[in-house]
Amino acid sequence: MLELTPEEATALSVRVRAPTSTQRDAARARIILACADGGSARQIAERLGIPVRRVERWRGRFLRKRLKGLGDFPRRGHALKFSSVTRCEIIALACEPIG
């Protein structure tokens, strides 16, 4: 069983109920709240209708980093070559009439 502080339980409940939460955030909060209620990953997965691996992933990340662990990791990819300001300047220059 996973132990939550009162502050964590409140924050997770808010994420589940808030109309502005993304489905992804609400689902992760539901998983952690279900883990706090007890049961195996398989039981929690069956109750929530999700894969066992998803329960294990989010429970593990929560145990390592608490609420901060429920966010998304930065995605891979190359760094931008131009800043957003430079990109806008290039577009503006390209759109100027010739002559």
# chains A, B, ... in the order shown; residues from 1 in each chain; ligands from 1

call {"tool": "select_by_dssp", "arguments": {"residues": "region 22-81 of chain A", "states": "alpha helix (DSSP H)", "output": "ChimeraX atom specification"}}
result
/A:23-37,41-48,52-65

call {"tool": "residues_around", "arguments": {"residues": "Leu2 (chain A)", "least_positions_apart": "2", "cutoff": "8 Å", "atoms": "only C-alpha atoms", "output": "ChimeraX atom specification"}}
result
/A:4,35-38

call {"tool": "residues_around", "arguments": {"residues": "Val55 (chain A)", "least_positions_apart": "5", "cutoff": "7 Å", "atoms": "only C-alpha atoms", "output": "count of residues only"}}
result
3

call {"tool": "closest_residue", "arguments": {"among": "A:Ala29, A:Arg24, A:Arg54, A:Ala9", "to": "Arg42 (chain A)", "atoms": "only C-alpha atoms"}}
result
A:Arg54

call {"tool": "closest_residue", "arguments": {"among": "A:Leu70, A:Glu7, A:Gly99, A:Gly39", "to": "Ala27 (chain A)", "atoms": "only C-alpha atoms"}}
result
A:Leu70

call {"tool": "closest_residue", "arguments": {"among": "A:Ile98, A:Leu67, A:Val85, A:Val52", "to": "Leu12 (chain A)", "atoms": "only C-alpha atoms"}}
result
A:Leu67

call {"tool": "atom_distance", "arguments": {"atom1": "CA of Gly69 (chain A)", "atom2": "CA of Asp25 (chain A)"}}
result
11.4 Å

call {"tool": "residues_around", "arguments": {"residues": "Leu48 (chain A)", "least_positions_apart": "5", "cutoff": "9 Å", "atoms": "only C-alpha atoms", "output": "ChimeraX atom specification"}}
result
/A:30-31,34,43

call {"tool": "write_last_selection", "arguments": {"atoms": "C-alpha atoms", "output": "PDB file, in the first residue's frame"}}
result
ATOM      1  CA  ARG A  30      -6.592   8.100 -10.282  1.00  0.00           C
ATOM      2  CA  ILE A  31      -3.891   5.438 -10.457  1.00  0.00           C
ATOM      3  CA  ALA A  34      -6.123   3.665  -6.219  1.00  0.00           C
ATOM      4  CA  GLN A  43      -6.217  -5.583  -9.033  1.00  0.00           C
TER       5      GLN A  43
END

call {"tool": "closest_residue", "arguments": {"among": "A:Ala92, A:Ala26, A:Asp72, A:Phe82", "to": "Val14 (chain A)", "atoms": "only C-alpha atoms"}}
result
A:Ala26

call {"tool": "closest_residue", "arguments": {"among": "A:Leu33, A:Val16, A:Leu80, A:Cys95", "to": "Phe62 (chain A)", "atoms": "only C-alpha atoms"}}
result
A:Leu33
